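Below is one structure, written out as structure tokens, with a few remarks after it.
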Amino acid sequence: MKNKTSSLFVAATLLSATVSPVLANNEAMLNLLQVLRDQGTISSENYRLLANAAKSDKEATEKVVNKVKEIEKDTATVSLKGGHLKFKSRDGLFSAQVGGRIMADYASISDDRNRDGDGSEMRRSRIFLKGKIVNDWNYKAQFDFAEDSLTTKDLYIAYKGFKPVTLTLGNHKISNGLEENTSSKYITFMERSTINDIFAVGRKNGLSLATGGSNWSFMTGLHMDGVSNNNVDQNEDYGYGARLTFAPLSEKSKALHLGVSAHRQEYESTPLAGGAFGQQRFRARPEIHTINTRPYDTKIDGVDSADTFGLESAVVFGPFSAQAEYFSKDLNTTTDDVSFDGWYVYGSYFLTGESRSYKAKKGSFGRVSPMSTVGKGGYGAWELALRYSDIDLYDTGAAVNTMGEEGDVTTIGLNWYATPNVRFMANYVMANVEYPGTTNADEDIKAFQLRAQVDF
Amino acid sequence: MKNKTSSLFVAATLLSATVSPVLANNEAMLNLLQVLRDQGTISSENYRLLANAAKSDKEATEKVVNKVKEIEKDTATVSLKGGHLKFKSRDGLFSAQVGGRIMADYASISDDRNRDGDGSEMRRSRIFLKGKIVNDWNYKAQFDFAEDSLTTKDLYIAYKGFKPVTLTLGNHKISNGLEENTSSKYITFMERSTINDIFAVGRKNGLSLATGGSNWSFMTGLHMDGVSNNNVDQNEDYGYGARLTFAPLSEKSKALHLGVSAHRQEYESTPLAGGAFGQQRFRARPEIHTINTRPYDTKIDGVDSADTFGLESAVVFGPFSAQAEYFSKDLNTTTDDVSFDGWYVYGSYFLTGESRSYKAKKGSFGRVSPMSTVGKGGYGAWELALRYSDIDLYDTGAAVNTMGEEGDVTTIGLNWYATPNVRFMANYVMANVEYPGTTNADEDIKAFQLRAQVDF
Amino acid sequence: MKNKTSSLFVAATLLSATVSPVLANNEAMLNLLQVLRDQGTISSENYRLLANAAKSDKEATEKVVNKVKEIEKDTATVSLKGGHLKFKSRDGLFSAQVGGRIMADYASISDDRNRDGDGSEMRRSRIFLKGKIVNDWNYKAQFDFAEDSLTTKDLYIAYKGFKPVTLTLGNHKISNGLEENTSSKYITFMERSTINDIFAVGRKNGLSLATGGSNWSFMTGLHMDGVSNNNVDQNEDYGYGARLTFAPLSEKSKALHLGVSAHRQEYESTPLAGGAFGQQRFRARPEIHTINTRPYDTKIDGVDSADTFGLESAVVFGPFSAQAEYFSKDLNTTTDDVSFDGWYVYGSYFLTGESRSYKAKKGSFGRVSPMSTVGKGGYGAWELALRYSDIDLYDTGAAVNTMGEEGDVTTIGLNWYATPNVRFMANYVMANVEYPGTTNADEDIKAFQLRAQVDF
């Protein structure tokens, strides 16, 4: 009889235990003691003492449980994975990240024309804050402080609510080009090609729509100029363009990338006194950034608009990869049309077996993780690379193209990835500059340059 | 007899359990096993095995408890509430916050005088660090990087030990004005009124004393110039002032604000060659910041000091609010006195039912939280607003007031608060500029401008 | 018999419990219930109910254990100790820190030559990110934004894998001098001595090797110029040097420091038109930074290289400390050699009994922690200090040393450490400037200056 009652009691208690399982802890003991007392196995006095002990145990457990709940509530997750400082709210609605990059360059340059010397440069020196707000909103604020000069990089608000489309407004890459769309943290050579510097749109202040899938990416945007004290007394220049990439193959260490881009730039400069539109200048350094001069250089008068077309291709096959891009630019002037073009091709090989990391959804390359890491007893990843760029900024027939150099640049590179985010690069660059339409002799520029790089 | 002993033993154990309750966990089991063994209910062998199991259980529990303690000790609380990254030490003595704001503006401007065009501007682009040190000390370092130009905003040390008074030293708002004291994150229109730009003291490097209660606020301060490379070869300008606000009504969606301010600026400029003091210039953009020109403009020679008086009022009544300010400035020159004044009034209405958030203790407005949030299936808050500003920088009788425009600006605003910290604004501005004392025709400037804003 | 079986069963269970101790929790209860059922002490029905309750308890415990594990995995440690925001991955391989410093100065200056006035200056306004990557790699990016001017401070990558040696590449102090190697957060006077400003190498972009032990430190480095837009069209200046310090005594409040340094600077400036090398200028403010002029000033033509030698000494004896440095500089020019020298000596006394904090491993001074802290009911630490500097930039015999002031500076200091990282300083400075080789009268500059300082 007593047993019966006791069983019912136990059953009832169990039911409540099921409802709030966490607080159920030590219920079994309390129930057992009751059963043992009801059966007379233990005395009432012992029951009382033991039950108190059990309750005390239970309270202690509850204290720990509450403390854990409190910690969880008060503390967003904090990750330092790979040295990147990331925060995430436990409901996943909010996130934040604080980081940056440092690139320190050292170069020895010799130039026929005496624009040479040994020198150093803080090539990039950036910090950023980025984050997610209420699930669908993203922001990023990234600034470069290299060489004591402030340059706004990414500075945007993005909306990801129309999946799989991302709308981005502000300063960001609205962009043609495979090298351009690959972060400077991940590019194979110390500098992107001369071609990229002349033809890529880069970061502009505007609105873009980006989307992509497992083997393609698409981005289109409308933009004003980039960010830099350009208050209005006349119309700001603007442009628009699109880029489409396709990856017939996109596996971990095998990839084939194809891409095409088109961009139109409208120049809104105030007409000059004579009625002509403003002059536009396109120029690039010879894949050496520590040098001051930009020998590949052209100026065109009366430019109204410019059309840029680009073709991209890349292949990754295990430790080997190759990449090539072609660009052309047609300038529409008030009197004449002018055309330029340029291309580069390069190959890279990981002596230590890693593969370049292709991201089909963005149509770009990402971070290389060495198989063996310095700091964990390893020796890092080692990569050999060779690039050839060919540039032509001279349009023979065009009267308005009063200057415009041609040339080519060959770069030999050796990269050491000590960790996924600590990298050392050595580049030997041989640049040739020709001055067509002039009596100037060709110019040879050679540089040996080193970079130490970290991103966090 | 055995039972008796056992009970005593149990009681003794319980006592120790009370002393260190967390470690008490599983005491009940150990006690019960002892009782059952002493009574002969279980064999000695089973007792030994079961007691070992119980001890093992206990150790496991203690391990978890210690781990929880360790996590608590090692980890300050980290909050991402609303996307704001805040840290707090568990003893409450220390805190830190990392954040910033982005405001991207796009404008189309037409101007009779041809100072117009379509353009964009990164209006604000800030990051900050702030925190609390040993309870009573606070600091904030906030910098603006907009348009690649570095501007120090808040940069101060504050002491809160003399409650309810806060002493602040460094660069901060020592400030007249209701619009001025409302953060640019929370202002109703894209730009504060022209009046504010001419008359508000804004951020200065100095010492202030601020206090306030549930329905009032008071601030007084003494300041040098603001922060910007002003090493001394002569005395720096200085000033002092006070602001008092009172809120007869200050509820969640009902508020009435009244305020008064006075400020004296002393100019310490080196006398000009002729013995006259330096020239002072006051000027403002027409509530359009993307434009270069500041048409409301006056220059006065030989200014010795200036007195600025301000009156403020605001009302919040549910979704409706109104706000008005009046300012006058008296310039004491070596030959003559010059007076200006200006005022604005505006109303705002939340179509979605929210209220502007009044902070009586600071005499300013704060963050609006939409009832329905984009990203959580909502549509945000929508606000309509209309402002009229009237400015007069021309003093008819004053010989030293050789130029000085008059005019008025009307702004129609529509704000969309997607989340509490993601906001989009559209403003249509119609500004009129008159050139009294000249034969210049009046000037009309019109602008349609858009802003995307996030703060974190 | 049943007991026997049961004992074996219990033993087997215990074994598995030993293997995964955390999950063992509540095993004792399950075992006990089984024993009691097998013995017939409790009914099968009660056994079933009680065993379910016990299992439920166990699951609840496991849930908590798993939650704790998850929190530990997801959350790097976050410390706000002393207000410094530090993160560490739980495996110790990665760390990060976000911080900065603010120093706000206010000064009243009187100068015989009328270069005086009352003024203010944001002396330092810095933020930094630093961290550790995969154990052996360190980085730091620190920028100064004082007076709206961007200056790169530390910007480097360091490798600590060759213990106890640290290799550092990038912008950092490659440095002679005890004052120079003591952070501006910890220096005894508002400004380092005039001597330090003239002779210290300071931060340069280069490679250094540093090591040290319990009573010594050594650093040697090779460097280019510091960081600031110095792209190459000619060779950059470079230099190399070393510093060795030794501490015969290095206890908590007793220390004796001796140091010696040597540095060679090579100037690579392009020869001037006449064939002479560029001019070098050395100058310093009179231990007053709010003043614009640097009256201790010399210019030397045709400088090829410079050798700097330094001697350091310091003693800490409880609340008393003293420190002295001597420097000489020999300039090798195309025609003549020029020599300067200078020295300073100072003493400091903590009225409240603290000691200056000597770091033998770095040969520098660190943070002073007051015994009593403002904000915790205390009054902070109070320190009195007196410094005398003697500078001679005039070399009588040297034809190329066309100008060069001599002089001395006396500074009386009173420091209040409210907390370890909130400090207020008052300095009274009396500087004397002589113009040897000219008919210019001596110049007296006096300043009373105040600083409010926080670092975080």
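We name chains A, B, ... following the order of the structure tokens; residues begin at 1 in each chain, and ligands are numbered from 1 as shown.
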
Got a sec: who's within 12 Å of Tyr394 in chain B, counting only C-alpha atoms, leaving out chain neighbours fewer than 3 positions off, as a ChimeraX atom specification? /B:282-283,296-300,329,338-342,391,397-407,433-438

Serialized selection, N, CA, C and O atoms, as a compact mmCIF listing (two decimals), in the first residue's frame:
```txt
# COMPACT_ATOMS: atom_id res chain seq x y z
N PHE B 282 31.89 83.90 -40.34
CA PHE B 282 30.85 82.95 -39.98
C PHE B 282 30.13 82.56 -41.25
O PHE B 282 29.69 83.44 -41.99
N ARG B 283 30.03 81.27 -41.50
CA ARG B 283 29.36 80.87 -42.74
C ARG B 283 28.81 79.46 -42.63
O ARG B 283 29.24 78.67 -41.80
N TYR B 296 25.69 81.38 -47.01
CA TYR B 296 25.38 82.25 -45.87
C TYR B 296 26.70 82.56 -45.20
O TYR B 296 27.30 81.70 -44.55
N ASP B 297 27.18 83.77 -45.36
CA ASP B 297 28.58 84.06 -45.12
C ASP B 297 28.74 85.51 -44.68
O ASP B 297 28.15 86.41 -45.26
N THR B 298 29.55 85.72 -43.64
CA THR B 298 29.86 87.11 -43.27
C THR B 298 31.27 87.18 -42.71
O THR B 298 31.75 86.24 -42.11
N LYS B 299 31.90 88.33 -42.96
CA LYS B 299 33.23 88.58 -42.41
C LYS B 299 33.18 89.88 -41.63
O LYS B 299 32.65 90.88 -42.12
N ILE B 300 33.76 89.87 -40.45
CA ILE B 300 33.76 91.09 -39.64
C ILE B 300 35.19 91.35 -39.17
O ILE B 300 35.85 90.45 -38.66
N LYS B 329 23.77 86.43 -31.92
CA LYS B 329 25.20 86.58 -31.67
C LYS B 329 25.55 88.07 -31.73
O LYS B 329 25.21 88.75 -32.70
N VAL B 338 28.25 94.33 -33.81
CA VAL B 338 27.49 93.71 -34.90
C VAL B 338 26.61 92.63 -34.30
O VAL B 338 27.04 91.89 -33.42
N SER B 339 25.38 92.52 -34.77
CA SER B 339 24.45 91.49 -34.27
C SER B 339 23.85 90.67 -35.40
O SER B 339 23.48 91.22 -36.44
N PHE B 340 23.77 89.40 -35.18
CA PHE B 340 23.08 88.48 -36.10
C PHE B 340 22.02 87.75 -35.33
O PHE B 340 22.13 87.60 -34.12
N ASP B 341 21.11 87.14 -36.05
CA ASP B 341 20.29 86.12 -35.39
C ASP B 341 19.71 85.15 -36.39
O ASP B 341 19.87 85.31 -37.62
N GLY B 342 19.06 84.14 -35.88
CA GLY B 342 18.47 83.13 -36.74
C GLY B 342 17.60 82.20 -35.92
O GLY B 342 17.72 82.14 -34.69
N ILE B 391 17.72 82.79 -41.53
CA ILE B 391 19.03 83.26 -41.07
C ILE B 391 19.28 84.69 -41.54
O ILE B 391 18.90 85.05 -42.65
N GLY B 397 23.38 98.55 -39.88
CA GLY B 397 24.09 99.74 -39.45
C GLY B 397 25.60 99.59 -39.28
O GLY B 397 26.32 100.58 -39.18
N ALA B 398 26.07 98.35 -39.26
CA ALA B 398 27.46 98.13 -38.84
C ALA B 398 28.44 98.28 -39.99
O ALA B 398 28.41 97.53 -40.96
N ALA B 399 29.33 99.26 -39.85
CA ALA B 399 30.31 99.55 -40.89
C ALA B 399 31.26 98.40 -41.14
O ALA B 399 31.72 98.18 -42.26
N VAL B 400 31.57 97.63 -40.08
CA VAL B 400 32.56 96.55 -40.21
C VAL B 400 31.97 95.28 -40.82
O VAL B 400 32.70 94.35 -41.12
N ASN B 401 30.66 95.25 -40.98
CA ASN B 401 29.97 94.07 -41.52
C ASN B 401 29.84 94.23 -43.03
O ASN B 401 28.78 94.50 -43.57
N THR B 402 30.99 94.10 -43.73
CA THR B 402 31.04 94.47 -45.15
C THR B 402 30.31 93.48 -46.05
O THR B 402 30.02 93.78 -47.20
N MET B 403 30.08 92.28 -45.60
CA MET B 403 29.24 91.36 -46.36
C MET B 403 28.38 90.61 -45.36
O MET B 403 28.63 90.65 -44.16
N GLY B 404 27.37 89.91 -45.82
CA GLY B 404 26.52 89.19 -44.87
C GLY B 404 25.21 88.85 -45.52
O GLY B 404 24.40 89.72 -45.82
N GLU B 405 25.01 87.57 -45.76
CA GLU B 405 23.82 87.17 -46.48
C GLU B 405 22.65 86.91 -45.52
O GLU B 405 22.84 86.62 -44.34
N GLU B 406 21.48 86.99 -46.09
CA GLU B 406 20.26 86.59 -45.39
C GLU B 406 19.61 85.46 -46.19
O GLU B 406 19.95 85.24 -47.34
N GLY B 407 18.62 84.83 -45.59
CA GLY B 407 17.94 83.83 -46.37
C GLY B 407 17.13 82.88 -45.53
O GLY B 407 17.05 83.02 -44.30
N VAL B 433 18.90 82.60 -50.93
CA VAL B 433 19.98 83.44 -50.41
C VAL B 433 19.79 84.85 -50.92
O VAL B 433 19.63 85.06 -52.12
N GLU B 434 19.80 85.80 -50.01
CA GLU B 434 19.71 87.22 -50.39
C GLU B 434 21.03 87.90 -50.08
O GLU B 434 21.70 87.54 -49.12
N TYR B 435 21.36 88.89 -50.91
CA TYR B 435 22.62 89.61 -50.74
C TYR B 435 22.35 91.07 -50.42
O TYR B 435 22.53 91.94 -51.28
N PRO B 436 21.90 91.37 -49.22
CA PRO B 436 21.53 92.75 -48.88
C PRO B 436 22.73 93.68 -48.98
O PRO B 436 23.87 93.26 -48.76
N GLY B 437 22.46 94.92 -49.32
CA GLY B 437 23.53 95.91 -49.43
C GLY B 437 24.33 95.76 -50.71
O GLY B 437 25.34 96.42 -50.90
N THR B 438 23.89 94.83 -51.59
CA THR B 438 24.56 94.65 -52.89
C THR B 438 23.47 94.69 -53.96
O THR B 438 22.28 94.69 -53.66
```

Please extract the residues of range 161-398 of chain A with a backbone DSSP assignment of helix (DSSP H, G or I) and present them as an MDAnalysis selection string. chainID A and resid 194:199

Output for the residues just chosen: C-alpha atoms as a PDB file, in the first residue's frame:
```pdb
ATOM      1  CA  THR A 194      50.337  46.873 -64.780  1.00  0.00           C
ATOM      2  CA  ILE A 195      47.306  45.874 -66.873  1.00  0.00           C
ATOM      3  CA  ASN A 196      45.124  45.759 -63.794  1.00  0.00           C
ATOM      4  CA  ASP A 197      46.296  49.199 -62.655  1.00  0.00           C
ATOM      5  CA  ILE A 198      45.337  50.737 -66.012  1.00  0.00           C
ATOM      6  CA  PHE A 199      42.060  48.941 -66.705  1.00  0.00           C
TER       7      PHE A 199
END
```

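Computed from the coordinates, the CA of Gln265 in chain B to CA of Thr166 in chain B distance equals 23.1 Å.
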
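For Ser348 in chain A, the list of residues within 8 Å, based on only C-alpha atoms and with local chain neighbours fewer than 6 positions off taken out, reads Thr188, Pro319, Phe320, Ser321, Ala322, Glu383, Leu384, Ala385 and Leu386 of chain A.
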
Can you list, as a ChimeraX atom specification, every protein, DNA or RNA residue that comes within 9 Å of Gly239 in chain A when you count only C-alpha atoms, leaving out same-chain residues fewer than 3 positions away? /A:221-225,263-267

Just to be explicit: take each residue in the selection above, keep N, CA, C and O atoms, and write the result as a CSV table (one decimal), in the first residue's frame.
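out-v1.csv, freshly written:
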```csv
chain,number,residue,atom,x,y,z
A,221,GLY,N,26.9,47.1,-61.2
A,221,GLY,CA,26.8,48.3,-60.3
A,221,GLY,C,26.8,49.6,-61.1
A,221,GLY,O,27.3,49.7,-62.2
A,222,LEU,N,26.4,50.6,-60.4
A,222,LEU,CA,26.4,52.0,-60.9
A,222,LEU,C,27.1,52.8,-59.8
A,222,LEU,O,26.9,52.7,-58.6
A,223,HIS,N,28.1,53.6,-60.3
A,223,HIS,CA,28.9,54.3,-59.3
A,223,HIS,C,29.2,55.7,-59.6
A,223,HIS,O,29.3,56.1,-60.8
A,224,MET,N,29.5,56.5,-58.6
A,224,MET,CA,30.1,57.9,-58.7
A,224,MET,C,31.6,57.6,-58.6
A,224,MET,O,32.1,56.5,-58.8
A,225,ASP,N,32.3,58.7,-58.3
A,225,ASP,CA,33.7,58.5,-58.1
A,225,ASP,C,34.0,57.8,-56.8
A,225,ASP,O,33.1,57.5,-56.0
A,263,HIS,N,32.4,47.7,-68.8
A,263,HIS,CA,32.3,48.9,-68.0
A,263,HIS,C,32.2,50.2,-68.8
A,263,HIS,O,33.0,50.3,-69.7
A,264,ARG,N,31.3,51.1,-68.5
A,264,ARG,CA,31.3,52.4,-69.2
A,264,ARG,C,31.5,53.5,-68.1
A,264,ARG,O,30.9,53.5,-67.1
A,265,GLN,N,32.5,54.3,-68.4
A,265,GLN,CA,32.8,55.5,-67.5
A,265,GLN,C,32.3,56.7,-68.3
A,265,GLN,O,32.7,57.0,-69.4
A,266,GLU,N,31.5,57.6,-67.6
A,266,GLU,CA,31.1,58.9,-68.2
A,266,GLU,C,31.9,60.0,-67.4
A,266,GLU,O,31.9,60.0,-66.2
A,267,TYR,N,32.6,60.8,-68.2
A,267,TYR,CA,33.3,61.9,-67.6
A,267,TYR,C,32.5,63.2,-67.7
A,267,TYR,O,31.9,63.5,-68.7
```

Taking the backbone alone, and naming residues the way the document does, which bits of range 48-217 of chain A are strand (DSSP E) by DSSP, as a VMD selection string?
chain A and resid 77 to 79 85 to 88 95 to 111 117 to 133 137 to 144 151 to 159 166 to 173 203 to 213 216 to 217

**Message:** Quick check: residues of chain B within 6 Å of chain C, only C-alpha atoms, returned as a PyMOL selection string.
**Reply:** chain B and resi 46+50+53-54+57+60+74-76+89+94+133-136+150-152+227-229+231-236

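The coordinates place CA of Leu178 in chain B at 10.9 Å from CA of Ser193 in chain B.
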
Any idea what's packed within 8 Å of Thr333 in chain A, counting only C-alpha atoms, ignoring anything in its chain fewer than 3 positions away? Could you give it as an mmCIF file with N, CA and C atoms, in the first residue's frame?
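Saved result, around28.cif, follows:
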```cif
data_model
loop_
_atom_site.group_PDB
_atom_site.id
_atom_site.type_symbol
_atom_site.label_atom_id
_atom_site.label_comp_id
_atom_site.auth_asym_id
_atom_site.auth_seq_id
_atom_site.Cartn_x
_atom_site.Cartn_y
_atom_site.Cartn_z
ATOM 1 N N ASP A 301 43.078 64.263 -74.525
ATOM 2 C CA ASP A 301 42.248 65.465 -74.368
ATOM 3 C C ASP A 301 40.805 65.186 -74.761
ATOM 4 N N GLY A 302 39.919 65.936 -74.161
ATOM 5 C CA GLY A 302 38.517 65.953 -74.556
ATOM 6 C C GLY A 302 37.797 64.623 -74.434
ATOM 7 N N VAL A 303 38.101 63.871 -73.403
ATOM 8 C CA VAL A 303 37.457 62.557 -73.260
ATOM 9 C C VAL A 303 36.053 62.711 -72.685
ATOM 10 N N ASP A 304 35.131 62.107 -73.349
ATOM 11 C CA ASP A 304 33.719 62.187 -73.011
ATOM 12 C C ASP A 304 33.302 60.958 -72.205
ATOM 13 N N SER A 305 33.777 59.801 -72.651
ATOM 14 C CA SER A 305 33.442 58.549 -71.958
ATOM 15 C C SER A 305 34.451 57.480 -72.363
ATOM 16 N N ASP A 336 37.947 62.429 -81.749
ATOM 17 C CA ASP A 336 38.639 61.255 -82.236
ATOM 18 C C ASP A 336 38.342 60.097 -81.269
ATOM 19 N N ASP A 337 38.552 58.873 -81.671
ATOM 20 C CA ASP A 337 38.477 57.765 -80.722
ATOM 21 C C ASP A 337 39.861 57.171 -80.520
ATOM 22 N N VAL A 338 40.115 56.739 -79.283
ATOM 23 C CA VAL A 338 41.421 56.200 -78.942
ATOM 24 C C VAL A 338 41.234 54.822 -78.310
#
```

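The neighbours of Ser217 in chain A here are the residues that come within 10 Å of it, using only C-alpha atoms and leaving out any residue fewer than 4 positions away in the same chain; they are Ala210, Thr211, Gly212, Gly213, Arg243, Leu244, Thr245, Phe246, Ala247, Gly259, Lys359, Ala360, Lys361, Lys362, Gly363 and Ser364 of chain A.
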
Restricting the output to C-alpha atoms, write the selected residues as a PDB file, in the first residue's frame.
```pdb
ATOM      1  CA  ALA A 210      26.041  40.763 -56.543  1.00  0.00           C
ATOM      2  CA  THR A 211      25.019  37.150 -56.641  1.00  0.00           C
ATOM      3  CA  GLY A 212      26.555  33.784 -57.364  1.00  0.00           C
ATOM      4  CA  GLY A 213      26.231  30.040 -57.087  1.00  0.00           C
ATOM      5  CA  ARG A 243      31.085  41.117 -64.544  1.00  0.00           C
ATOM      6  CA  LEU A 244      30.081  37.498 -65.090  1.00  0.00           C
ATOM      7  CA  THR A 245      32.233  34.526 -64.162  1.00  0.00           C
ATOM      8  CA  PHE A 246      31.718  30.835 -64.751  1.00  0.00           C
ATOM      9  CA  ALA A 247      33.613  27.866 -63.356  1.00  0.00           C
ATOM     10  CA  GLY A 259      35.101  35.582 -66.875  1.00  0.00           C
ATOM     11  CA  LYS A 359      36.056  30.777 -54.780  1.00  0.00           C
ATOM     12  CA  ALA A 360      33.574  30.181 -57.603  1.00  0.00           C
ATOM     13  CA  LYS A 361      30.789  32.100 -55.849  1.00  0.00           C
ATOM     14  CA  LYS A 362      32.883  35.266 -55.974  1.00  0.00           C
ATOM     15  CA  GLY A 363      34.952  34.500 -59.060  1.00  0.00           C
ATOM     16  CA  SER A 364      38.163  35.178 -57.161  1.00  0.00           C
TER      17      SER A 364
END
```

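By chain and then residue number, the residues within 7 Å of Met430 in chain B are Val409, Thr410, Thr411, Ile445, Lys446 and Ala447 of chain B, counting only C-alpha atoms and disregarding those fewer than 6 positions away in sequence.
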
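Proximity of B:Pro295, B:Gly347, B:Gly366, B:Pro164 to Asn181 in chain B, computed with only C-alpha atoms, is greatest for B:Gly366.
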
Pairwise distance, CA of Tyr388 in chain C with CA of Ala314 in chain C, equals 14.7 Å
